[in-house]
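As provided, target34.cif (mmCIF, C-alpha atoms) reads as follows.
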```cif
data_coords
#
loop_
_atom_site.label_atom_id
_atom_site.label_comp_id
_atom_site.auth_asym_id
_atom_site.auth_seq_id
_atom_site.Cartn_x
_atom_site.Cartn_y
_atom_site.Cartn_z
CA MET A 1 -14.30 -9.81 -30.40
CA TRP A 2 -13.47 -11.84 -27.31
CA HIS A 3 -14.67 -11.90 -23.73
CA ILE A 4 -13.42 -11.86 -20.18
CA GLY A 5 -16.45 -12.72 -18.11
CA ASP A 6 -19.14 -10.34 -19.32
CA THR A 7 -16.68 -7.84 -20.75
CA LYS A 8 -16.41 -7.68 -24.53
CA LEU A 9 -13.03 -6.76 -25.91
CA ASN A 10 -11.65 -6.00 -29.33
CA SER A 11 -7.95 -5.54 -28.71
CA ARG A 12 -5.91 -8.63 -27.97
CA LEU A 13 -3.11 -6.61 -26.48
CA LEU A 14 -2.88 -5.64 -22.82
CA LEU A 15 -0.23 -3.17 -21.79
CA GLY A 16 1.72 -2.68 -18.60
CA THR A 17 2.51 0.87 -17.53
CA SER A 18 5.97 0.49 -16.03
CA ARG A 19 9.48 1.39 -17.19
CA TYR A 20 8.52 3.91 -19.86
CA PRO A 21 10.95 6.78 -20.36
CA SER A 22 8.21 9.34 -19.77
CA ALA A 23 4.49 9.70 -19.13
CA GLN A 24 4.12 11.01 -22.65
CA SER A 25 5.74 7.94 -24.17
CA LEU A 26 3.42 5.74 -22.09
CA GLN A 27 0.40 7.58 -23.41
CA GLN A 28 1.67 7.37 -26.99
CA ALA A 29 2.29 3.64 -26.62
CA ILE A 30 -1.19 3.04 -25.22
CA THR A 31 -2.73 4.95 -28.12
CA ALA A 32 -0.57 3.21 -30.73
CA SER A 33 -1.33 -0.23 -29.31
CA GLY A 34 -5.08 0.25 -29.39
CA CYS A 35 -5.20 -1.64 -26.10
CA GLU A 36 -8.30 -1.54 -23.92
CA ILE A 37 -6.73 -2.80 -20.68
CA ILE A 38 -3.69 -1.51 -18.83
CA THR A 39 -2.13 -2.86 -15.67
CA VAL A 40 -1.18 -0.79 -12.64
CA SER A 41 0.21 -1.55 -9.22
CA LEU A 42 -0.18 -0.20 -5.71
CA ARG A 43 2.87 1.12 -3.94
CA ARG A 44 3.63 3.02 -0.76
CA GLU A 45 2.78 6.68 -1.12
CA SER A 46 4.78 9.35 0.63
CA ALA A 47 2.92 12.42 1.82
CA ASP A 48 5.48 14.87 0.50
CA LYS A 49 5.97 13.54 -3.03
CA GLN A 50 2.50 12.13 -3.70
CA SER A 51 3.83 10.65 -6.93
CA GLY A 52 1.01 8.13 -7.05
CA GLN A 53 -1.55 10.92 -7.18
CA LYS A 54 0.19 12.42 -10.18
CA PHE A 55 0.39 9.08 -11.92
CA TRP A 56 -3.29 8.40 -11.31
CA SER A 57 -4.47 11.83 -12.40
CA TYR A 58 -2.73 11.13 -15.64
CA LEU A 59 -4.02 7.58 -16.17
CA ARG A 60 -7.62 8.24 -15.26
CA GLU A 61 -8.05 10.36 -18.37
CA LEU A 62 -7.22 7.46 -20.67
CA PRO A 63 -10.08 5.50 -22.25
CA VAL A 64 -8.93 2.12 -20.94
CA ARG A 65 -9.89 -0.35 -18.26
CA ILE A 66 -7.62 -0.69 -15.25
CA LEU A 67 -6.32 -4.11 -14.27
CA PRO A 68 -4.60 -3.69 -10.90
CA ASN A 69 -1.97 -6.22 -9.92
CA THR A 70 -0.55 -7.66 -6.73
CA ALA A 71 3.00 -7.52 -8.01
CA GLY A 72 5.67 -8.05 -5.42
CA CYS A 73 3.50 -10.08 -3.06
CA TYR A 74 5.12 -13.24 -1.74
CA GLN A 75 2.51 -14.21 0.83
CA VAL A 76 -1.15 -15.09 0.34
CA GLN A 77 -2.29 -12.58 2.94
CA GLU A 78 -0.29 -9.79 1.29
CA ALA A 79 -1.83 -10.56 -2.09
CA VAL A 80 -5.37 -10.79 -0.73
CA THR A 81 -5.08 -7.52 1.20
CA THR A 82 -3.56 -5.78 -1.82
CA ALA A 83 -6.47 -7.05 -3.93
CA HIS A 84 -8.93 -5.64 -1.40
CA MET A 85 -7.16 -2.28 -1.48
CA ALA A 86 -7.11 -2.25 -5.27
CA ARG A 87 -10.82 -3.06 -5.47
CA ASP A 88 -11.63 -0.22 -3.13
CA LEU A 89 -9.38 2.29 -4.85
CA PHE A 90 -10.09 1.50 -8.50
CA ASP A 91 -13.67 0.39 -8.04
CA THR A 92 -13.12 -2.84 -9.96
CA ASN A 93 -13.33 -6.51 -9.08
CA TRP A 94 -10.58 -7.30 -11.58
CA ILE A 95 -7.26 -8.32 -10.11
CA LYS A 96 -4.13 -9.63 -11.75
CA LEU A 97 -3.07 -12.01 -9.04
CA GLU A 98 0.64 -12.47 -8.52
CA VAL A 99 2.04 -14.53 -5.68
CA ILE A 100 5.74 -14.75 -6.32
CA GLY A 101 7.72 -17.78 -5.20
CA ASP A 102 11.24 -17.04 -6.33
CA ASP A 103 13.28 -13.83 -6.39
CA TYR A 104 15.54 -14.83 -9.22
CA THR A 105 12.98 -15.98 -11.78
CA LEU A 106 9.90 -14.25 -10.35
CA GLN A 107 8.21 -17.59 -10.86
CA PRO A 108 4.75 -17.78 -9.31
CA ASP A 109 4.29 -19.78 -6.12
CA PRO A 110 1.70 -22.30 -7.34
CA PHE A 111 0.46 -23.23 -3.87
CA GLY A 112 0.08 -19.67 -2.68
CA LEU A 113 -1.48 -18.70 -5.98
CA VAL A 114 -4.24 -21.30 -5.73
CA GLU A 115 -4.87 -20.42 -2.08
CA ALA A 116 -5.17 -16.70 -2.82
CA ALA A 117 -7.27 -17.32 -5.94
CA THR A 118 -9.64 -19.47 -3.88
CA ILE A 119 -10.20 -16.66 -1.39
CA LEU A 120 -10.59 -13.92 -3.99
CA CYS A 121 -12.88 -15.86 -6.32
CA ARG A 122 -15.15 -16.60 -3.37
CA GLU A 123 -15.24 -12.89 -2.65
CA GLY A 124 -16.40 -12.11 -6.17
CA PHE A 125 -13.15 -11.02 -7.77
CA GLU A 126 -12.45 -11.66 -11.43
CA VAL A 127 -9.06 -13.18 -10.85
CA PHE A 128 -6.44 -13.01 -13.61
CA PRO A 129 -3.86 -15.44 -12.22
CA TYR A 130 -0.26 -14.95 -13.31
CA THR A 131 0.76 -18.57 -13.54
CA THR A 132 3.26 -20.92 -15.08
CA ASP A 133 2.37 -23.08 -18.06
CA ASP A 134 1.72 -26.09 -15.80
CA LEU A 135 -1.46 -27.90 -16.83
CA ILE A 136 -2.48 -29.15 -13.40
CA LEU A 137 -1.93 -25.79 -11.78
CA ALA A 138 -4.12 -24.26 -14.48
CA GLN A 139 -6.80 -26.85 -13.73
CA ARG A 140 -6.70 -26.02 -10.02
CA LEU A 141 -7.08 -22.34 -10.78
CA VAL A 142 -10.09 -23.02 -12.98
CA ASP A 143 -11.51 -25.34 -10.33
CA VAL A 144 -11.47 -22.58 -7.71
CA GLY A 145 -13.24 -20.14 -10.01
CA CYS A 146 -10.73 -18.41 -12.30
CA ARG A 147 -12.37 -17.64 -15.66
CA VAL A 148 -9.15 -16.54 -17.32
CA LEU A 149 -5.57 -17.84 -17.21
CA MET A 150 -2.38 -15.87 -17.63
CA PRO A 151 0.48 -18.31 -18.22
CA TRP A 152 3.96 -16.91 -18.55
CA ALA A 153 5.95 -17.27 -21.75
CA SER A 154 9.21 -16.95 -19.84
CA PRO A 155 10.40 -14.95 -16.82
CA ILE A 156 9.14 -11.38 -16.45
CA GLY A 157 11.17 -8.88 -18.40
CA SER A 158 13.42 -11.53 -19.95
CA GLY A 159 12.33 -11.11 -23.55
CA LEU A 160 12.98 -14.79 -24.15
CA GLY A 161 9.63 -15.37 -25.82
CA LEU A 162 7.72 -18.63 -25.61
CA THR A 163 10.20 -21.08 -24.12
CA ASN A 164 7.67 -23.91 -23.97
CA PRO A 165 5.17 -23.54 -26.81
CA ARG A 166 4.04 -27.15 -26.48
CA ALA A 167 2.80 -26.48 -22.96
CA ILE A 168 0.85 -23.46 -24.18
CA LYS A 169 -0.59 -25.58 -26.96
CA THR A 170 -1.66 -28.13 -24.37
CA LEU A 171 -3.33 -25.46 -22.24
CA ARG A 172 -5.24 -24.29 -25.31
CA ALA A 173 -6.37 -27.82 -26.08
CA ARG A 174 -7.38 -28.61 -22.52
CA PHE A 175 -9.12 -25.29 -21.83
CA PRO A 176 -10.78 -24.41 -25.13
CA ASP A 177 -13.26 -22.04 -23.48
CA ILE A 178 -11.01 -20.25 -20.99
CA PRO A 179 -9.39 -17.03 -22.22
CA LEU A 180 -5.62 -17.49 -22.29
CA ILE A 181 -3.50 -14.38 -21.98
CA ILE A 182 0.23 -14.82 -22.27
CA ASP A 183 1.79 -12.74 -19.54
CA ALA A 184 5.48 -12.05 -19.22
CA GLY A 185 8.60 -12.81 -21.18
CA LEU A 186 7.67 -11.75 -24.69
CA GLY A 187 10.44 -9.82 -26.38
CA LYS A 188 9.50 -9.16 -29.95
CA PRO A 189 6.34 -8.96 -32.06
CA SER A 190 6.92 -12.36 -33.61
CA ASP A 191 6.68 -13.84 -30.09
CA ALA A 192 3.20 -12.35 -29.81
CA THR A 193 2.27 -13.67 -33.23
CA GLN A 194 3.39 -17.13 -32.17
CA ALA A 195 1.26 -16.96 -29.03
CA LEU A 196 -1.81 -16.00 -31.01
CA GLU A 197 -1.06 -18.62 -33.67
CA LEU A 198 -1.13 -21.19 -30.88
CA GLY A 199 -4.63 -20.07 -30.07
CA CYS A 200 -4.01 -17.76 -27.14
CA ASP A 201 -6.59 -15.04 -26.87
CA ALA A 202 -4.28 -12.16 -26.04
CA VAL A 203 -0.88 -11.11 -24.71
CA LEU A 204 0.14 -8.76 -21.93
CA LEU A 205 3.29 -6.77 -22.57
CA ASN A 206 5.32 -4.27 -20.67
CA THR A 207 9.09 -4.32 -20.95
CA ALA A 208 9.18 -5.23 -24.65
CA VAL A 209 7.33 -2.02 -25.45
CA ALA A 210 8.49 0.28 -22.67
CA MET A 211 12.20 -0.41 -23.17
CA ALA A 212 12.15 -0.28 -26.96
CA ASP A 213 13.97 2.62 -28.58
CA GLU A 214 10.60 3.87 -29.77
CA PRO A 215 7.85 2.54 -27.49
CA ALA A 216 4.92 3.82 -29.54
CA LYS A 217 6.28 2.29 -32.73
CA MET A 218 6.89 -1.01 -30.95
CA ALA A 219 3.37 -0.92 -29.50
CA SER A 220 2.04 -0.55 -33.02
CA ALA A 221 4.23 -3.43 -34.19
CA PHE A 222 2.82 -5.66 -31.46
CA ALA A 223 -0.72 -4.62 -32.34
CA HIS A 224 -0.13 -5.78 -35.91
CA ALA A 225 1.57 -8.93 -34.65
CA VAL A 226 -1.37 -10.08 -32.54
CA THR A 227 -3.75 -9.38 -35.40
CA ALA A 228 -1.61 -11.48 -37.72
CA GLY A 229 -1.40 -14.31 -35.23
CA ARG A 230 -5.11 -14.36 -34.58
CA LEU A 231 -5.98 -14.30 -38.28
CA ALA A 232 -3.56 -17.15 -38.89
CA TYR A 233 -5.11 -19.19 -36.10
CA GLN A 234 -8.57 -18.62 -37.50
CA ALA A 235 -7.47 -19.30 -41.08
CA GLY A 236 -6.04 -22.70 -40.22
CA MET A 237 -2.35 -23.24 -40.78
CA ILE A 238 -0.89 -26.10 -42.73
CA ALA A 239 0.80 -28.89 -40.84
CA PRO A 240 4.62 -28.90 -41.07
CA ARG A 241 6.19 -31.55 -43.32
CA GLU A 242 9.65 -33.07 -43.31
CA PHE A 243 10.16 -32.85 -47.07
CA ALA A 244 9.50 -30.45 -49.92
CA VAL A 245 6.21 -30.39 -51.76
CA PRO A 246 6.39 -28.32 -54.96
CA SER A 247 3.92 -25.49 -55.02
CA THR A 248 4.09 -25.11 -58.83
CA PRO A 249 2.26 -27.93 -60.62
CA VAL A 250 4.54 -30.71 -61.77
CA LEU A 251 2.15 -31.64 -64.52
CA GLY A 252 3.08 -29.89 -67.75
CA ARG A 253 6.73 -29.20 -67.04
CA ALA A 254 8.74 -28.31 -70.15
CA PHE A 255 11.68 -30.35 -71.40
CA THR A 256 10.56 -33.51 -69.70
CA GLY A 257 8.96 -35.43 -72.54
CA GLY A 258 6.85 -38.46 -71.86
CA ASP A 259 3.34 -38.48 -70.54
CA ASP A 260 3.32 -34.87 -69.33
CA THR A 261 3.18 -33.57 -72.93
CA GLN A 262 -0.48 -34.16 -73.50
CA ALA A 263 -1.50 -32.09 -70.50
CA SER A 264 0.15 -29.00 -72.01
CA VAL A 265 -1.84 -29.19 -75.22
CA PRO A 266 -5.14 -27.38 -74.81
CA SER A 267 -8.14 -29.31 -75.85
CA SER A 268 -10.70 -27.68 -78.11
CA SER A 269 -13.13 -27.52 -75.22
CA THR A 270 -10.81 -25.51 -72.95
CA LEU A 271 -10.26 -22.92 -75.71
CA ARG A 272 -13.92 -22.01 -76.03
CA MET B 1 1.13 7.92 19.79
CA GLU B 2 3.50 5.56 18.08
CA LEU B 3 2.51 4.04 14.77
CA ARG B 4 4.26 2.09 12.09
CA ILE B 5 3.51 3.76 8.78
CA ASN B 6 4.74 2.31 5.50
CA GLY B 7 7.39 0.37 7.36
CA ASN B 8 8.68 3.27 9.46
CA THR B 9 8.03 3.83 13.13
CA CYS B 10 6.83 7.35 13.85
CA GLN B 11 5.27 9.47 16.55
CA ILE B 12 2.17 11.47 15.75
CA ASP B 13 -0.49 13.34 17.67
CA THR B 14 -3.39 11.18 18.67
CA VAL B 15 -6.02 10.91 15.91
CA ASP B 16 -9.58 9.65 15.97
CA ASN B 17 -9.74 7.98 12.62
CA VAL B 18 -8.02 7.33 9.30
CA ASP B 19 -9.23 10.59 7.77
CA HIS B 20 -7.59 12.55 10.57
CA LEU B 21 -4.42 10.51 10.25
CA LEU B 22 -4.13 11.21 6.54
CA ALA B 23 -4.75 14.91 7.10
CA GLN B 24 -2.14 15.09 9.83
CA LEU B 25 0.40 13.31 7.68
CA GLY B 26 -0.27 15.65 4.76
CA TYR B 27 -2.03 13.45 2.25
CA GLN B 28 -4.05 16.11 0.51
CA GLN B 29 -6.07 14.51 -2.23
CA ASN B 30 -6.60 11.27 -0.35
CA PHE B 31 -6.73 9.00 -3.39
CA VAL B 32 -4.97 6.37 -1.38
CA ALA B 33 -5.72 2.90 -0.15
CA VAL B 34 -5.13 2.09 3.50
CA ALA B 35 -4.56 -1.14 5.36
CA ILE B 36 -4.27 -1.37 9.13
CA ASN B 37 -2.64 -4.43 10.58
CA LYS B 38 -2.80 -6.12 7.17
CA THR B 39 -6.55 -5.55 6.74
CA CYS B 40 -7.93 -3.17 4.13
CA VAL B 41 -9.89 -0.18 5.42
CA LYS B 42 -12.46 0.92 2.85
CA ARG B 43 -12.24 4.54 1.77
CA SER B 44 -15.86 5.01 2.72
CA GLU B 45 -14.90 4.09 6.28
CA PHE B 46 -11.89 6.38 6.65
CA GLY B 47 -13.93 8.82 8.71
CA ALA B 48 -15.08 6.18 11.17
CA HIS B 49 -12.29 3.66 11.38
CA PRO B 50 -10.20 4.20 14.52
CA VAL B 51 -6.42 4.40 14.60
CA ASN B 52 -4.79 2.98 17.69
CA ALA B 53 -1.30 3.19 19.11
CA GLY B 54 0.90 0.45 17.75
CA ASP B 55 -1.07 0.01 14.55
CA ASP B 56 0.84 -1.10 11.49
CA ILE B 57 -0.44 1.08 8.66
CA GLU B 58 0.12 0.85 4.93
CA ILE B 59 -0.79 3.83 2.75
CA LEU B 60 -0.70 2.94 -0.94
CA ALA B 61 -1.43 4.74 -4.17
CA PRO B 62 -1.56 3.82 -7.86
CA MET B 63 1.80 3.28 -9.47
CA ALA B 64 3.16 1.98 -12.72
CA GLY B 65 2.98 -1.77 -12.98
CA GLY B 66 3.19 -4.64 -15.40
#
```
Write-out of the structure in structure tokens:
Amino acid sequence: MWHIGDTKLNSRLLLGTSRYPSAQSLQQAITASGCEIITVSLRRESADKQSGQKFWSYLRELPVRILPNTAGCYQVQEAVTTAHMARDLFDTNWIKLEVIGDDYTLQPDPFGLVEAATILCREGFEVFPYTTDDLILAQRLVDVGCRVLMPWASPIGSGLGLTNPRAIKTLRARFPDIPLIIDAGLGKPSDATQALELGCDAVLLNTAVAMADEPAKMASAFAHAVTAGRLAYQAGMIAPREFAVPSTPVLGRAFTGGDDTQASVPSSSTLR
Amino acid sequence: MELRINGNTCQIDTVDNVDHLLAQLGYQQNFVAVAINKTCVKRSEFGAHPVNAGDDIEILAPMAGG
């Protein structure tokens, strides 16, 4: 169990809804993942196609929470207005805040992000800021009222995994009580496991599942991966060492002679 | 009157409010979000919010997203 604000959650997997080969495969992936939160966007609707209506009529039947995003916004005002529209349409104060600064990497604009987050937090939004792994930027976002952070692993859709795990580790250490959700760049289940092993609370996936040969099977694989990572984090992993340490006891080895011999002879007390 | 709707300039018959605009344009189910001149118009205000010549209007709906 973990929390975002007052919301209790079981699944540590959030799923995007884009790029699936079909609506059916999206639904199967959502079911297989066990996720409780899915992300959606807002896009221009044409009166003749009304494709958004169809998409929504399909999604609204699913037993999941909607996390609308401001994807594609490059300006603060665009992001804020999109957040207002999403709140009105989906009846939620949750917003995944994206203010993009670069076309090529889709890297967040840190200055615009903080400015937009300041406005939206003041207005009562639960802001999920899509951010880099920069510590000071994260601190600014928390300062203006963000109660969750969504650092990227690597650029959106790249599948590169965690390119800077030390930075994520630092975020975990510096913000022990803020939910950390890795957003963007994960490619394979082991990436998700690594994120959870580092102490992240959850991961948000889209492309890695949607573009897999079998999205539902990959969604299931990621669900297992986050469980494994979380359990490992809780269990406490051993620290890496430079040299070997034998796992089988050295004491009592055969063919060695010397002082070891006595240890291999049971005493009368151990035989009782 | 001339409006800019979803980035395109178009001519429509004069309308009193956002509800009338959506009806004239053919949005049937109306599960859409609307912004006029970069400000969100709440759905509960569609019937009262005026539409004026020259307005820049965005009509959005839910779509797949990551």
Could you write out as a ChimeraX atom specification the residues of chain B within 7 Å of chain A, counting all atoms listed in the file?
/B:6,25-27,31-34,38-40,42-43,59-66
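If you apply the PyMOL selection byres ((chain A and resi 135) around 12) to this structure, you end up with A:Pro110, A:Thr131, A:Thr132, A:Asp133, A:Asp134, A:Ile136, A:Leu137, A:Ala138, A:Gln139, A:Arg140, A:Leu141, A:Val142, A:Leu149, A:Pro151, A:Arg166, A:Ala167, A:Ile168, A:Lys169, A:Thr170, A:Leu171, A:Arg172, A:Ala173, A:Arg174, A:Phe175.
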Please return as an NGL selection string every residue within 10 Å of (-14.0, 6.6, 7.6), taking into account all atoms listed in the file and the file's own coordinates.
:B and (16-20 or 41-50)
Output of the PyMOL selection byres ((chain A and resi 97) around 7), listed as a list in words:
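Evaluating the PyMOL selection byres ((chain A and resi 97) around 7) on these coordinates yields Asn69, Thr70, Ile95, Lys96, Glu98, Val99, Val127, Phe128, Pro129 and Tyr130 of chain A.
Interatomic distance, atom CA of A:Arg230 against atom CA of A:Lys8: 16.5 Å.
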Can you report as lines of an AutoDock Vina configuration file the centre and edge lengths in Å, to one decimal, of an axis-aligned box around the listed atoms of stretch 235-245 of chain A padded with 4 Å on each side?
```
center_x = 1.3
center_y = -26.2
center_z = -46.0
size_x = 25.6
size_y = 21.8
size_z = 19.5
```
Given the choices B:Ile57, B:Val51, B:Ala35, B:Met1, which gets closest to B:Asp13 if the distance is worked out from all atoms listed in the file?
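Residue with the minimum atom-to-atom distance to B:Asp13: B:Met1.
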Give me the residues within 12 Å of B:Gln11 as JSON, numbers by chain, counting all atoms listed in the file and dropping any in the same chain fewer than 2 places off.
{"B": [1, 2, 3, 4, 5, 8, 9, 13, 14, 15, 21, 24, 25, 53, 54, 55]}
Atom-to-atom span, atom CA of B:Gly7 and atom CA of B:Ile36, Å:
11.9 Å
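The residue that comes closest to A:Glu126, out of A:Ser158, A:Gln194, A:Thr31, A:Thr7 and on the basis of all atoms listed in the file, is A:Thr7.
What separates atom CA of A:Phe222 from atom CA of A:Asp201 is a distance of 14.1 Å.
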Residue list as a PDB file with C-alpha atoms, keeping the file's coordinate frame for point (-3.2, -10.2, -37.1), cut-off 12 Å, only C-alpha atoms:
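The resulting file, part37.pdb, is reproduced below:
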```
ATOM      1  CA  SER A  11      -7.950  -5.540 -28.710  1.00  0.00           C
ATOM      2  CA  ARG A  12      -5.910  -8.630 -27.970  1.00  0.00           C
ATOM      3  CA  LEU A  13      -3.110  -6.610 -26.480  1.00  0.00           C
ATOM      4  CA  PRO A 189       6.340  -8.960 -32.060  1.00  0.00           C
ATOM      5  CA  SER A 190       6.920 -12.360 -33.610  1.00  0.00           C
ATOM      6  CA  ALA A 192       3.200 -12.350 -29.810  1.00  0.00           C
ATOM      7  CA  THR A 193       2.270 -13.670 -33.230  1.00  0.00           C
ATOM      8  CA  GLN A 194       3.390 -17.130 -32.170  1.00  0.00           C
ATOM      9  CA  ALA A 195       1.260 -16.960 -29.030  1.00  0.00           C
ATOM     10  CA  LEU A 196      -1.810 -16.000 -31.010  1.00  0.00           C
ATOM     11  CA  GLU A 197      -1.060 -18.620 -33.670  1.00  0.00           C
ATOM     12  CA  ASP A 201      -6.590 -15.040 -26.870  1.00  0.00           C
ATOM     13  CA  ALA A 202      -4.280 -12.160 -26.040  1.00  0.00           C
ATOM     14  CA  SER A 220       2.040  -0.550 -33.020  1.00  0.00           C
ATOM     15  CA  ALA A 221       4.230  -3.430 -34.190  1.00  0.00           C
ATOM     16  CA  PHE A 222       2.820  -5.660 -31.460  1.00  0.00           C
ATOM     17  CA  ALA A 223      -0.720  -4.620 -32.340  1.00  0.00           C
ATOM     18  CA  HIS A 224      -0.130  -5.780 -35.910  1.00  0.00           C
ATOM     19  CA  ALA A 225       1.570  -8.930 -34.650  1.00  0.00           C
ATOM     20  CA  VAL A 226      -1.370 -10.080 -32.540  1.00  0.00           C
ATOM     21  CA  THR A 227      -3.750  -9.380 -35.400  1.00  0.00           C
ATOM     22  CA  ALA A 228      -1.610 -11.480 -37.720  1.00  0.00           C
ATOM     23  CA  GLY A 229      -1.400 -14.310 -35.230  1.00  0.00           C
ATOM     24  CA  ARG A 230      -5.110 -14.360 -34.580  1.00  0.00           C
ATOM     25  CA  LEU A 231      -5.980 -14.300 -38.280  1.00  0.00           C
ATOM     26  CA  ALA A 232      -3.560 -17.150 -38.890  1.00  0.00           C
ATOM     27  CA  TYR A 233      -5.110 -19.190 -36.100  1.00  0.00           C
ATOM     28  CA  GLN A 234      -8.570 -18.620 -37.500  1.00  0.00           C
ATOM     29  CA  ALA A 235      -7.470 -19.300 -41.080  1.00  0.00           C
TER      30      ALA A 235
END
```
Compile the contact shell of A:Leu9 as an mmCIF file with C-alpha atoms, keeping the file's coordinate frame: residues with an atom at most 12 Å away, counting all atoms listed in the file, same-chain residues fewer than 3 positions apart removed.
```cif
data_model
loop_
_atom_site.group_PDB
_atom_site.id
_atom_site.type_symbol
_atom_site.label_atom_id
_atom_site.label_comp_id
_atom_site.auth_asym_id
_atom_site.auth_seq_id
_atom_site.Cartn_x
_atom_site.Cartn_y
_atom_site.Cartn_z
ATOM 1 C CA MET A 1 -14.300 -9.810 -30.400
ATOM 2 C CA TRP A 2 -13.470 -11.840 -27.310
ATOM 3 C CA HIS A 3 -14.670 -11.900 -23.730
ATOM 4 C CA ILE A 4 -13.420 -11.860 -20.180
ATOM 5 C CA GLY A 5 -16.450 -12.720 -18.110
ATOM 6 C CA ASP A 6 -19.140 -10.340 -19.320
ATOM 7 C CA ARG A 12 -5.910 -8.630 -27.970
ATOM 8 C CA LEU A 13 -3.110 -6.610 -26.480
ATOM 9 C CA LEU A 14 -2.880 -5.640 -22.820
ATOM 10 C CA GLY A 34 -5.080 0.250 -29.390
ATOM 11 C CA CYS A 35 -5.200 -1.640 -26.100
ATOM 12 C CA GLU A 36 -8.300 -1.540 -23.920
ATOM 13 C CA ILE A 37 -6.730 -2.800 -20.680
ATOM 14 C CA VAL A 64 -8.930 2.120 -20.940
ATOM 15 C CA ARG A 65 -9.890 -0.350 -18.260
ATOM 16 C CA PRO A 179 -9.390 -17.030 -22.220
ATOM 17 C CA ASP A 201 -6.590 -15.040 -26.870
ATOM 18 C CA ALA A 202 -4.280 -12.160 -26.040
#
```
Select, from A:Gly185, A:Gly252, A:Gly236, A:Pro176, the residue with the minimum atom-to-atom distance to A:Asn164, counting only C-alpha atoms.
A:Gly185
Neighbour list for A:Asp109 as a count of residues only, cut-off 6 Å, only C-alpha atoms, skip fewer than 4 positions in-chain
4
